[in-house]
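A short worksheet on the structure shown next.
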Amino acid sequence: MMDFVWAVLVGGAICVIGQLMMDVGKLTPAHTMTILVIAGAVLDGISFGGVSLYDRFIDFAGAGATVPITSFGNALVHGATKELQDNGWIGILTGIFELTSAGITAAIVFSFLAALVARPRG
Amino acid sequence: MSFASRSKMKKVTPVQRDYQLLAQSIEPTRPIARNCMRAFIAGGAICFVGEALMKVFQRYFGFTEQTAGNPTVAVLILLSVILTAFGVYDKIAQWAGAGSAVPVTGFANSLCSAAIEHKSEGLVLGTGGNMFKLAGSVIVFGTVSAFAVGIVHWIIGIKG
């Protein structure tokens with residue numbers, strides 16, 4: 001049950017940070033998302049005791065850490081460092097999309113199918 | 001005041017500057033506290049659904065805590081695309097602000113709404129060419145920063 005509490009608190013808090021960047025920082029939504037993704041990537045790059053900061057964050061917050069867009073940056077770095085470990089430097093190029101494939105493929109395929117059937121609005 | 005408008009202030013004539021100050025003084029203030037409340041509620045609710053999906057995938061489909069993220073994200077994206085296609089997600093987004101934009105569902109919404117919006121220009125040039133019009137920046141900057149982090153890891157040899 002505490003998993004749900006932390007997921008809601010952490011996920012909600014990340015959304016509040018995004019809202020503050022748009023309202024107080026007066027950034028566009030695109031700039032806000034871009035900065036959040038970069039933040040996720042950098043946090044995953046910092047290892048602490050062999051485990052990356054973002055991984056510790058996921059252990060603690062569950063979906064609160066995997067659902068916000070910051071996890072996209074995290075997954076990109078994770079794929080790259082995993083392949084780097086297994087295959088050497090070429091892994092940085094081959095591994096970046098390894099873990100985000102599910103999200104990107106799902107988004108492209110579902111969006112395309114939706115565009116086939118849906119009518120533009122407004 | 002943002003960085004952009006501050007740097008613009010340097011090159012304007014006094015009249016323009018006066019106008020900008022006037023426009024600023026009568027610009028409606030954003031209800032920041034209310035927006036943050038809404039962002040928290042909407043974002044928290046989406047993460048709650050995500051956590052529930054993760055638990056289902058772990059319990060009934062044999063995923064581990066680490067691997068349950070992928071199917072969860074895929075299901076959330078499917079839900080978001082369906083809601084976008086019916087025009088519901090945009091209504092939620094107007095209320096929720098960043099609360100519906102920051103979770104991956106907002107990423108899927110930006111792809112899907114661009115894909116549908118440009119359908120009239122044809123499937124190849126419209127839908128295919130414009131699908132990443134809004135989401136492209138996230139992918140480009142995410143990939144470039146992940147590449148940079150990967151290079152740093154390679155150089156200092158942390159290796160994951």
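Residues in the structure tokens are numbered from 1 in each chain, the chains being A, B, ... in the order shown, and ligands are numbered from 1 in the order shown.
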(request) Give me every helix (DSSP H, G or I) residue in region 63-140 of chain B, going by DSSP on the backbone, as an MDAnalysis selection string. (result) chainID B and resid 69:85 88:96 98:101 104:121 123:130 136:140
Distance filter 7 Å, only C-alpha atoms, chain B against chain A, as a compact mmCIF listing (two decimals) with all heavy atoms, in the first residue's frame:
```txt
# COMPACT_ATOMS: atom_id res chain seq x y z
N SER B 2 11.30 36.01 -17.66
CA SER B 2 12.15 34.92 -18.14
C SER B 2 13.43 35.48 -18.73
O SER B 2 13.57 36.68 -18.96
CB SER B 2 11.41 34.11 -19.19
OG SER B 2 11.34 34.85 -20.37
N ARG B 30 -0.78 34.28 -13.31
CA ARG B 30 -1.16 32.88 -13.39
C ARG B 30 -1.49 32.35 -12.00
O ARG B 30 -0.76 32.63 -11.05
CB ARG B 30 0.00 32.07 -13.97
CG ARG B 30 0.44 32.59 -15.33
CD ARG B 30 1.42 31.63 -15.92
NE ARG B 30 2.04 32.22 -17.11
CZ ARG B 30 2.59 31.49 -18.07
NH1 ARG B 30 2.60 30.19 -17.99
NH2 ARG B 30 3.15 32.07 -19.11
N ILE B 32 -0.78 30.19 -9.82
CA ILE B 32 0.27 29.17 -9.70
C ILE B 32 -0.12 28.08 -8.70
O ILE B 32 0.01 26.89 -8.98
CB ILE B 32 1.60 29.83 -9.30
CG1 ILE B 32 2.09 30.70 -10.46
CG2 ILE B 32 2.64 28.79 -8.94
CD1 ILE B 32 3.27 31.56 -10.15
N CYS B 36 -0.62 24.18 -9.62
CA CYS B 36 0.24 23.14 -9.03
C CYS B 36 -0.60 22.06 -8.36
O CYS B 36 -0.29 20.87 -8.46
CB CYS B 36 1.21 23.76 -8.02
SG CYS B 36 2.53 24.67 -8.82
N ALA B 39 -1.90 19.95 -11.14
CA ALA B 39 -0.83 19.13 -11.71
C ALA B 39 -0.53 17.96 -10.79
O ALA B 39 -0.34 16.82 -11.25
CB ALA B 39 0.43 19.97 -11.93
N PHE B 40 -0.51 18.24 -9.48
CA PHE B 40 -0.22 17.18 -8.50
C PHE B 40 -1.30 16.11 -8.53
O PHE B 40 -1.00 14.90 -8.56
CB PHE B 40 -0.10 17.77 -7.10
CG PHE B 40 0.31 16.76 -6.07
CD1 PHE B 40 1.64 16.47 -5.87
CD2 PHE B 40 -0.64 16.09 -5.31
CE1 PHE B 40 2.03 15.53 -4.94
CE2 PHE B 40 -0.26 15.15 -4.38
CZ PHE B 40 1.08 14.88 -4.19
N ILE B 41 -2.57 16.53 -8.54
CA ILE B 41 -3.67 15.57 -8.51
C ILE B 41 -3.67 14.71 -9.78
O ILE B 41 -3.73 13.48 -9.72
CB ILE B 41 -5.02 16.30 -8.36
CG1 ILE B 41 -5.09 16.95 -6.97
CG2 ILE B 41 -6.19 15.36 -8.56
CD1 ILE B 41 -6.23 17.93 -6.81
N GLY B 43 -1.19 14.28 -12.09
CA GLY B 43 0.02 13.48 -12.23
C GLY B 43 0.04 12.33 -11.24
O GLY B 43 0.41 11.20 -11.58
N GLY B 44 -0.41 12.61 -10.01
CA GLY B 44 -0.47 11.55 -9.00
C GLY B 44 -1.44 10.45 -9.42
O GLY B 44 -1.16 9.26 -9.24
N ALA B 45 -2.58 10.85 -10.00
CA ALA B 45 -3.58 9.86 -10.41
C ALA B 45 -3.03 8.97 -11.51
O ALA B 45 -3.22 7.75 -11.50
CB ALA B 45 -4.85 10.58 -10.89
N CYS B 47 0.12 8.28 -12.07
CA CYS B 47 1.13 7.39 -11.47
C CYS B 47 0.47 6.30 -10.64
O CYS B 47 0.99 5.19 -10.54
CB CYS B 47 2.11 8.20 -10.62
SG CYS B 47 3.19 9.24 -11.60
N PHE B 48 -0.68 6.61 -10.03
CA PHE B 48 -1.43 5.60 -9.28
C PHE B 48 -1.87 4.49 -10.23
O PHE B 48 -1.70 3.29 -9.94
CB PHE B 48 -2.65 6.25 -8.61
CG PHE B 48 -3.43 5.32 -7.74
CD1 PHE B 48 -3.08 5.16 -6.40
CD2 PHE B 48 -4.50 4.60 -8.24
CE1 PHE B 48 -3.79 4.29 -5.58
CE2 PHE B 48 -5.22 3.73 -7.43
CZ PHE B 48 -4.86 3.58 -6.10
N GLY B 50 -0.46 3.78 -13.04
CA GLY B 50 0.77 3.11 -13.44
C GLY B 50 1.23 2.09 -12.40
O GLY B 50 1.59 0.97 -12.75
N GLU B 51 1.18 2.50 -11.13
CA GLU B 51 1.59 1.59 -10.05
C GLU B 51 0.68 0.36 -10.02
O GLU B 51 1.16 -0.78 -9.85
CB GLU B 51 1.55 2.34 -8.72
CG GLU B 51 2.07 1.55 -7.53
CD GLU B 51 3.57 1.35 -7.55
OE1 GLU B 51 4.28 2.25 -8.03
OE2 GLU B 51 4.03 0.30 -7.09
N GLY B 69 8.13 -2.14 -15.90
CA GLY B 69 7.98 -0.77 -16.40
C GLY B 69 7.56 -0.72 -17.86
O GLY B 69 6.70 0.08 -18.24
N ASN B 70 8.16 -1.61 -18.70
CA ASN B 70 7.87 -1.57 -20.14
C ASN B 70 6.41 -1.83 -20.49
O ASN B 70 5.80 -1.00 -21.18
CB ASN B 70 8.77 -2.57 -20.88
CG ASN B 70 10.10 -1.95 -21.24
OD1 ASN B 70 10.20 -0.74 -21.42
ND2 ASN B 70 11.13 -2.77 -21.32
N VAL B 73 4.23 1.11 -19.31
CA VAL B 73 4.31 2.28 -20.18
C VAL B 73 3.51 2.05 -21.46
O VAL B 73 2.78 2.93 -21.92
CB VAL B 73 5.79 2.61 -20.49
CG1 VAL B 73 5.91 3.56 -21.65
CG2 VAL B 73 6.46 3.19 -19.26
N ALA B 74 3.61 0.83 -22.02
CA ALA B 74 2.88 0.54 -23.26
C ALA B 74 1.37 0.65 -23.05
O ALA B 74 0.67 1.22 -23.89
CB ALA B 74 3.24 -0.87 -23.76
N ILE B 77 0.37 4.27 -22.67
CA ILE B 77 0.40 4.94 -23.97
C ILE B 77 -0.84 4.59 -24.78
O ILE B 77 -1.46 5.45 -25.40
CB ILE B 77 1.70 4.57 -24.72
CG1 ILE B 77 2.87 5.35 -24.13
CG2 ILE B 77 1.59 4.85 -26.21
CD1 ILE B 77 4.22 4.94 -24.64
N LEU B 78 -1.23 3.30 -24.74
CA LEU B 78 -2.45 2.89 -25.46
C LEU B 78 -3.66 3.65 -24.92
O LEU B 78 -4.47 4.18 -25.69
CB LEU B 78 -2.65 1.37 -25.32
CG LEU B 78 -3.92 0.82 -25.97
CD1 LEU B 78 -3.89 1.05 -27.48
CD2 LEU B 78 -4.07 -0.67 -25.70
N VAL B 81 -3.56 7.22 -26.10
CA VAL B 81 -3.88 7.37 -27.52
C VAL B 81 -5.39 7.26 -27.74
O VAL B 81 -5.99 8.03 -28.50
CB VAL B 81 -3.11 6.32 -28.36
CG1 VAL B 81 -3.69 6.20 -29.75
CG2 VAL B 81 -1.64 6.68 -28.44
N ALA B 85 -7.68 10.18 -29.24
CA ALA B 85 -8.47 10.00 -30.46
C ALA B 85 -9.92 10.42 -30.25
O ALA B 85 -10.56 10.93 -31.17
CB ALA B 85 -8.40 8.54 -30.90
N GLY B 97 -2.91 20.80 -16.83
CA GLY B 97 -1.62 21.43 -17.14
C GLY B 97 -0.51 20.41 -17.21
O GLY B 97 -0.63 19.39 -17.90
N ALA B 98 0.56 20.66 -16.45
CA ALA B 98 1.72 19.77 -16.49
C ALA B 98 1.38 18.38 -15.95
O ALA B 98 2.08 17.42 -16.24
CB ALA B 98 2.88 20.35 -15.69
N GLY B 99 0.30 18.27 -15.17
CA GLY B 99 -0.07 16.97 -14.60
C GLY B 99 -0.35 15.92 -15.65
O GLY B 99 -0.15 14.73 -15.41
N VAL B 102 3.55 15.85 -18.20
CA VAL B 102 4.83 15.29 -17.75
C VAL B 102 4.85 13.75 -17.80
O VAL B 102 5.85 13.17 -18.20
CB VAL B 102 5.18 15.81 -16.34
CG1 VAL B 102 6.38 15.10 -15.76
CG2 VAL B 102 5.45 17.31 -16.40
N PRO B 103 3.78 13.03 -17.41
CA PRO B 103 3.82 11.57 -17.55
C PRO B 103 3.93 11.14 -19.01
O PRO B 103 3.64 11.93 -19.91
CB PRO B 103 2.49 11.12 -16.95
CG PRO B 103 2.07 12.22 -16.06
CD PRO B 103 2.56 13.47 -16.72
N VAL B 104 4.35 9.87 -19.26
CA VAL B 104 4.52 9.39 -20.63
C VAL B 104 3.23 9.52 -21.44
O VAL B 104 3.29 9.57 -22.66
CB VAL B 104 4.99 7.91 -20.70
CG1 VAL B 104 6.46 7.82 -20.48
CG2 VAL B 104 4.21 7.04 -19.77
N ALA B 108 2.72 10.45 -25.49
CA ALA B 108 1.88 9.76 -26.46
C ALA B 108 0.81 10.71 -27.01
O ALA B 108 0.50 10.68 -28.21
CB ALA B 108 1.20 8.55 -25.81
N LEU B 111 2.30 12.89 -29.75
CA LEU B 111 2.46 12.16 -31.01
C LEU B 111 1.11 11.97 -31.69
O LEU B 111 0.96 12.24 -32.88
CB LEU B 111 3.05 10.76 -30.73
CG LEU B 111 4.49 10.51 -31.15
CD1 LEU B 111 5.37 10.84 -29.99
CD2 LEU B 111 4.67 9.10 -31.57
N CYS B 112 0.15 11.50 -30.90
CA CYS B 112 -1.14 11.11 -31.47
C CYS B 112 -1.88 12.33 -31.99
O CYS B 112 -2.46 12.29 -33.08
CB CYS B 112 -1.96 10.39 -30.41
SG CYS B 112 -3.49 9.75 -31.05
N ALA B 115 -0.37 13.40 -35.17
CA ALA B 115 -0.69 12.44 -36.24
C ALA B 115 -2.10 12.66 -36.78
O ALA B 115 -2.33 12.64 -37.99
CB ALA B 115 -0.53 11.01 -35.72
N ILE B 116 -3.06 12.89 -35.87
CA ILE B 116 -4.44 13.08 -36.29
C ILE B 116 -4.64 14.44 -36.95
O ILE B 116 -5.30 14.58 -37.97
CB ILE B 116 -5.39 12.91 -35.08
CG1 ILE B 116 -5.32 11.47 -34.57
CG2 ILE B 116 -6.81 13.28 -35.45
CD1 ILE B 116 -6.10 11.24 -33.30
N GLU B 117 -4.00 15.46 -36.34
CA GLU B 117 -4.22 16.83 -36.82
C GLU B 117 -3.77 16.99 -38.27
O GLU B 117 -4.40 17.70 -39.05
CB GLU B 117 -3.44 17.79 -35.92
CG GLU B 117 -3.83 19.24 -36.11
CD GLU B 117 -2.95 20.17 -35.29
OE1 GLU B 117 -2.56 19.78 -34.18
OE2 GLU B 117 -2.65 21.26 -35.79
N LYS B 119 -3.58 14.69 -40.56
CA LYS B 119 -4.09 13.63 -41.42
C LYS B 119 -4.60 14.19 -42.76
O LYS B 119 -4.46 13.55 -43.79
CB LYS B 119 -5.22 12.91 -40.70
CG LYS B 119 -5.70 11.65 -41.36
CD LYS B 119 -6.93 11.16 -40.63
CE LYS B 119 -7.54 9.98 -41.35
NZ LYS B 119 -8.81 9.59 -40.74
N SER B 137 11.50 17.05 -30.08
CA SER B 137 12.53 17.70 -29.26
C SER B 137 12.90 16.82 -28.07
O SER B 137 14.07 16.75 -27.69
CB SER B 137 12.04 19.07 -28.80
OG SER B 137 10.93 18.93 -27.95
N VAL B 138 11.89 16.15 -27.49
CA VAL B 138 12.17 15.27 -26.34
C VAL B 138 13.10 14.13 -26.76
O VAL B 138 14.07 13.81 -26.07
CB VAL B 138 10.84 14.71 -25.78
CG1 VAL B 138 11.10 13.53 -24.86
CG2 VAL B 138 10.09 15.80 -25.03
N PHE B 141 16.78 15.64 -27.73
CA PHE B 141 17.60 16.04 -26.60
C PHE B 141 17.85 14.87 -25.64
O PHE B 141 18.92 14.77 -25.05
CB PHE B 141 16.97 17.22 -25.86
CG PHE B 141 17.25 18.53 -26.56
CD1 PHE B 141 16.40 18.99 -27.54
CD2 PHE B 141 18.37 19.26 -26.24
CE1 PHE B 141 16.68 20.17 -28.21
CE2 PHE B 141 18.66 20.43 -26.89
CZ PHE B 141 17.81 20.89 -27.88
N GLY B 142 16.86 13.97 -25.53
CA GLY B 142 17.07 12.78 -24.71
C GLY B 142 18.19 11.93 -25.26
O GLY B 142 19.08 11.48 -24.53
N THR B 143 18.18 11.72 -26.59
CA THR B 143 19.18 10.87 -27.21
C THR B 143 20.57 11.50 -27.12
O THR B 143 21.56 10.84 -26.77
CB THR B 143 18.83 10.62 -28.69
OG1 THR B 143 17.50 10.12 -28.75
CG2 THR B 143 19.77 9.64 -29.32
N SER B 145 21.67 13.74 -24.95
CA SER B 145 22.20 13.75 -23.57
C SER B 145 22.56 12.34 -23.13
O SER B 145 23.57 12.14 -22.42
CB SER B 145 21.20 14.39 -22.61
OG SER B 145 19.97 13.72 -22.65
N ALA B 146 21.77 11.32 -23.56
CA ALA B 146 22.11 9.94 -23.20
C ALA B 146 23.43 9.54 -23.85
O ALA B 146 24.25 8.85 -23.24
CB ALA B 146 21.01 8.99 -23.64
N PHE B 147 23.64 10.00 -25.09
CA PHE B 147 24.91 9.72 -25.78
C PHE B 147 26.07 10.35 -25.01
O PHE B 147 27.10 9.71 -24.80
CB PHE B 147 24.85 10.28 -27.21
CG PHE B 147 26.07 9.99 -28.03
CD1 PHE B 147 26.27 8.74 -28.59
CD2 PHE B 147 27.01 10.98 -28.25
CE1 PHE B 147 27.40 8.47 -29.34
CE2 PHE B 147 28.15 10.71 -29.00
CZ PHE B 147 28.34 9.46 -29.55
N VAL B 149 26.18 11.11 -21.81
CA VAL B 149 26.40 10.37 -20.57
C VAL B 149 27.12 9.06 -20.86
O VAL B 149 28.04 8.66 -20.13
CB VAL B 149 25.05 10.11 -19.85
CG1 VAL B 149 25.24 9.16 -18.68
CG2 VAL B 149 24.44 11.42 -19.37
N GLY B 150 26.73 8.39 -21.97
CA GLY B 150 27.39 7.14 -22.35
C GLY B 150 28.87 7.35 -22.62
O GLY B 150 29.71 6.55 -22.19
N TRP B 154 32.08 5.79 -20.73
CA TRP B 154 33.10 5.04 -21.47
C TRP B 154 34.49 5.56 -21.09
O TRP B 154 35.41 4.79 -20.86
CB TRP B 154 32.84 5.20 -22.97
CG TRP B 154 33.81 4.48 -23.84
CD1 TRP B 154 34.24 3.20 -23.69
CD2 TRP B 154 34.48 5.02 -24.98
NE1 TRP B 154 35.12 2.89 -24.68
CE2 TRP B 154 35.29 3.98 -25.49
CE3 TRP B 154 34.46 6.25 -25.63
CZ2 TRP B 154 36.08 4.16 -26.63
CZ3 TRP B 154 35.24 6.42 -26.76
CH2 TRP B 154 36.04 5.37 -27.24
N LYS B 159 31.13 2.06 -16.56
CA LYS B 159 30.45 0.92 -17.19
C LYS B 159 29.19 0.50 -16.45
O LYS B 159 29.10 -0.61 -15.93
CB LYS B 159 31.42 -0.25 -17.31
CG LYS B 159 32.64 0.13 -18.12
CD LYS B 159 33.33 -1.07 -18.68
CE LYS B 159 34.39 -0.64 -19.68
NZ LYS B 159 35.13 -1.74 -20.23
N GLY B 160 28.23 1.39 -16.48
CA GLY B 160 26.91 1.05 -15.94
C GLY B 160 26.90 1.21 -14.47
O GLY B 160 26.09 0.71 -13.77
```
(message) Among chain A, which ones does DSSP assign to strand (DSSP E or B) (computed from the backbone)? Answer as a ChimeraX atom specification.
(response) /A:47-48,51-52,68
(message) Report, in Å to a single decimal, how far apart CA of Met131 (chain B) and CA of Ala114 (chain B) are.
(response)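 Separation between CA of Ala114 (chain B) and CA of Met131 (chain B): 5.2 Å.
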